[in-house]
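S.K.: This is the structure I want to talk about, given as structure tokens.
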Amino acid sequence: MLKNTSIAIVAILLIGGAAYMAYRGSIDSYLASNAKTFATTTTSSAPADLGTYQYECDEHVTFEMTPSSDLSAIHVKATGSGSYPPESTLTKDANIANRWEGNGVVFVGNGETVTLGEGDSAIGCSPVADPNNAPFNFGDAQANPDTSSRVSDAVVGKWQSTDDPLSEFIFASDGTIQDLHQGKVDNSGTWKAYTSSAKTGETGVYIAISSSNPDIGPQVFTIARLTSTSLELVPTEDTGAVPSLNLIRVSQ
């Protein structure tokens, strides 16, 4: 009797084990065959970018632009047979609205159009018509009332010319400016940051300087570069009479 009972128990265990292994095998097979579905449906993340947009510019330049989802960076790459701009990831300027820079390339967005610059030169670019997608719109820098104040705060301080180390400029928070040479005041006046040029009507970030010397007329500069340690000002009128200013911050 005990022998028969033992045989029955062993048989039940073997049958149960076989059933479990068959069940487990079917589950493993199901998971394996649906791994892609599970990976897709159980993992979610924010999109890495906002799509890719094509542009055509002056001088037969064409390129594509891919903004990151938070607009902290944009990726640019030449298209067609061109080599400009070089493929680069540009980072957003903390002080100037709609401006990104990197690898020697400066990118400024204004509505649906953009400006692509390198050094003192810049070209205008427009979106390539796409019947399936609307152009990317960067908005208007003038729509941000904090731009001028943020730029002003960043400019305030003492700056030294990289072309002439004996020449220095002090942009004061009260809107006054001093032009120093060898530590002595050579000229003085007032300054103010703008988000549009009164002369050209173009959107951008500018600094207007008015001298206390009646023989020196008002001067308007485009802020081509502004970081915590460097400031580049390019005159809006390319007459050669007023040079560009390449400055580095120094202690007062």
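Chain labels A, B, ... are given in the sequence in which chains occur in the structure tokens; within each chain residues are numbered consecutively from 1, and ligands are likewise numbered from 1 in the order shown.
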Among the residues of stretch 46-136 of chain A, find those DSSP assigns to strand (DSSP E or B) from the backbone and print them as a count of residues only.

M.R.: 47

S.K.: Please provide as a PDB file with C-alpha atoms, in the first residue's frame all residues within 12 Å of A:Arg99, with the sequence filter that same-chain residues fewer than 3 positions apart are discarded (counting only C-alpha atoms).

M.R.:
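Done, and the output landed in result_34.pdb:
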ATOM      1  CA  LEU A  71      15.702  75.010 -26.869  1.00  0.00           C
ATOM      2  CA  SER A  72      18.860  74.956 -24.753  1.00  0.00           C
ATOM      3  CA  ALA A  73      20.789  73.869 -27.849  1.00  0.00           C
ATOM      4  CA  ILE A  74      20.369  73.578 -31.595  1.00  0.00           C
ATOM      5  CA  LEU A  90      25.230  75.417 -30.560  1.00  0.00           C
ATOM      6  CA  THR A  91      24.337  76.405 -27.002  1.00  0.00           C
ATOM      7  CA  LYS A  92      21.818  79.066 -26.053  1.00  0.00           C
ATOM      8  CA  ASP A  93      23.126  82.476 -25.010  1.00  0.00           C
ATOM      9  CA  ALA A  94      22.097  83.173 -21.415  1.00  0.00           C
ATOM     10  CA  ASN A  95      21.970  86.938 -21.959  1.00  0.00           C
ATOM     11  CA  ILE A  96      20.637  87.459 -25.481  1.00  0.00           C
ATOM     12  CA  GLY A 102      29.323  77.258 -30.818  1.00  0.00           C
ATOM     13  CA  VAL A 105      29.095  79.838 -35.532  1.00  0.00           C
ATOM     14  CA  VAL A 106      26.533  82.365 -34.273  1.00  0.00           C
ATOM     15  CA  PHE A 107      22.859  81.582 -34.917  1.00  0.00           C
ATOM     16  CA  VAL A 108      20.135  84.183 -34.285  1.00  0.00           C
ATOM     17  CA  GLY A 109      16.435  83.449 -34.773  1.00  0.00           C
ATOM     18  CA  ASN A 110      13.898  86.148 -35.610  1.00  0.00           C
ATOM     19  CA  VAL A 114      17.462  83.325 -39.033  1.00  0.00           C
ATOM     20  CA  THR A 115      20.871  84.927 -39.275  1.00  0.00           C
ATOM     21  CA  LEU A 116      23.971  82.768 -39.511  1.00  0.00           C
ATOM     22  CA  GLY A 117      27.229  84.478 -38.615  1.00  0.00           C
ATOM     23  CA  PHE A 138      11.624  81.579 -32.883  1.00  0.00           C
ATOM     24  CA  GLY A 139       9.419  84.507 -31.914  1.00  0.00           C
ATOM     25  CA  ASP A 140      10.562  88.111 -31.635  1.00  0.00           C
ATOM     26  CA  ALA A 141      13.386  89.149 -29.318  1.00  0.00           C
ATOM     27  CA  THR A 147      16.229  91.186 -22.744  1.00  0.00           C
ATOM     28  CA  THR A 203      15.614  92.944 -34.609  1.00  0.00           C
ATOM     29  CA  GLY A 204      18.739  92.233 -32.606  1.00  0.00           C
ATOM     30  CA  VAL A 205      20.617  93.395 -29.532  1.00  0.00           C
ATOM     31  CA  ILE A 223      26.461  92.914 -29.751  1.00  0.00           C
ATOM     32  CA  ALA A 224      28.108  90.125 -31.705  1.00  0.00           C
ATOM     33  CA  ARG A 225      29.306  88.292 -28.597  1.00  0.00           C
ATOM     34  CA  LEU A 226      28.614  88.627 -24.888  1.00  0.00           C
TER      35      LEU A 226
END

S.K.: Record the distance separating atom CA of A:Ala208 and atom CA of A:Asp58, expressed in Å with one decimal.

M.R.: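 Atom CA of A:Ala208 sits 28.0 Å away from atom CA of A:Asp58.
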
S.K.: Counting only C-alpha atoms, which residue out of A:Asn137, A:Thr62, A:Ser161, A:Ser211 sits closest to A:Leu50?

M.R.: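 Result for the nearest residue to A:Leu50: A:Asn137.
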
S.K.: Can you work out which one of A:Asn103, A:Thr89, A:Thr227, A:Thr222 has the shortest atom-to-atom distance to A:Val155, counting only C-alpha atoms?

M.R.: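 Ranked by minimum distance to A:Val155, first place goes to A:Thr227.
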
S.K.: So that I can see what lies close to A:Trp159, please list as JSON, numbers by chain the residues with an atom at most 10 Å from it, counting only C-alpha atoms and leaving out residues fewer than 2 positions away in the same chain.

M.R.: {"A": [155, 156, 157, 161, 162, 165, 167, 168, 169, 170, 171, 179, 180, 229, 230, 231, 246, 247, 248, 249, 250, 251, 252]}

S.K.: Got time to write the residues from that selection, C-alpha atoms, as an mmCIF file, in the first residue's frame?

M.R.:
data_model
loop_
_atom_site.group_PDB
_atom_site.id
_atom_site.type_symbol
_atom_site.label_atom_id
_atom_site.label_comp_id
_atom_site.auth_asym_id
_atom_site.auth_seq_id
_atom_site.Cartn_x
_atom_site.Cartn_y
_atom_site.Cartn_z
ATOM 1 C CA VAL A 155 27.622 94.594 -19.802
ATOM 2 C CA VAL A 156 28.091 96.703 -16.661
ATOM 3 C CA GLY A 157 31.737 96.704 -15.604
ATOM 4 C CA SER A 161 40.524 96.184 -25.553
ATOM 5 C CA THR A 162 42.299 93.095 -26.858
ATOM 6 C CA PRO A 165 45.545 96.829 -23.892
ATOM 7 C CA SER A 167 42.445 101.251 -23.902
ATOM 8 C CA GLU A 168 39.652 100.483 -21.430
ATOM 9 C CA PHE A 169 35.916 101.166 -21.168
ATOM 10 C CA ILE A 170 33.778 101.438 -18.051
ATOM 11 C CA PHE A 171 30.062 100.777 -18.580
ATOM 12 C CA ASP A 179 36.700 105.687 -22.417
ATOM 13 C CA LEU A 180 40.086 105.380 -20.710
ATOM 14 C CA THR A 229 34.436 87.535 -19.736
ATOM 15 C CA SER A 230 34.209 88.827 -23.322
ATOM 16 C CA LEU A 231 32.256 91.448 -25.270
ATOM 17 C CA ASN A 246 36.858 93.274 -28.941
ATOM 18 C CA LEU A 247 36.891 93.492 -25.163
ATOM 19 C CA ILE A 248 37.678 91.321 -22.156
ATOM 20 C CA ARG A 249 36.425 91.956 -18.636
ATOM 21 C CA VAL A 250 38.927 93.263 -16.096
ATOM 22 C CA SER A 251 38.692 94.079 -12.390
ATOM 23 C CA GLN A 252 37.887 97.660 -11.431
#
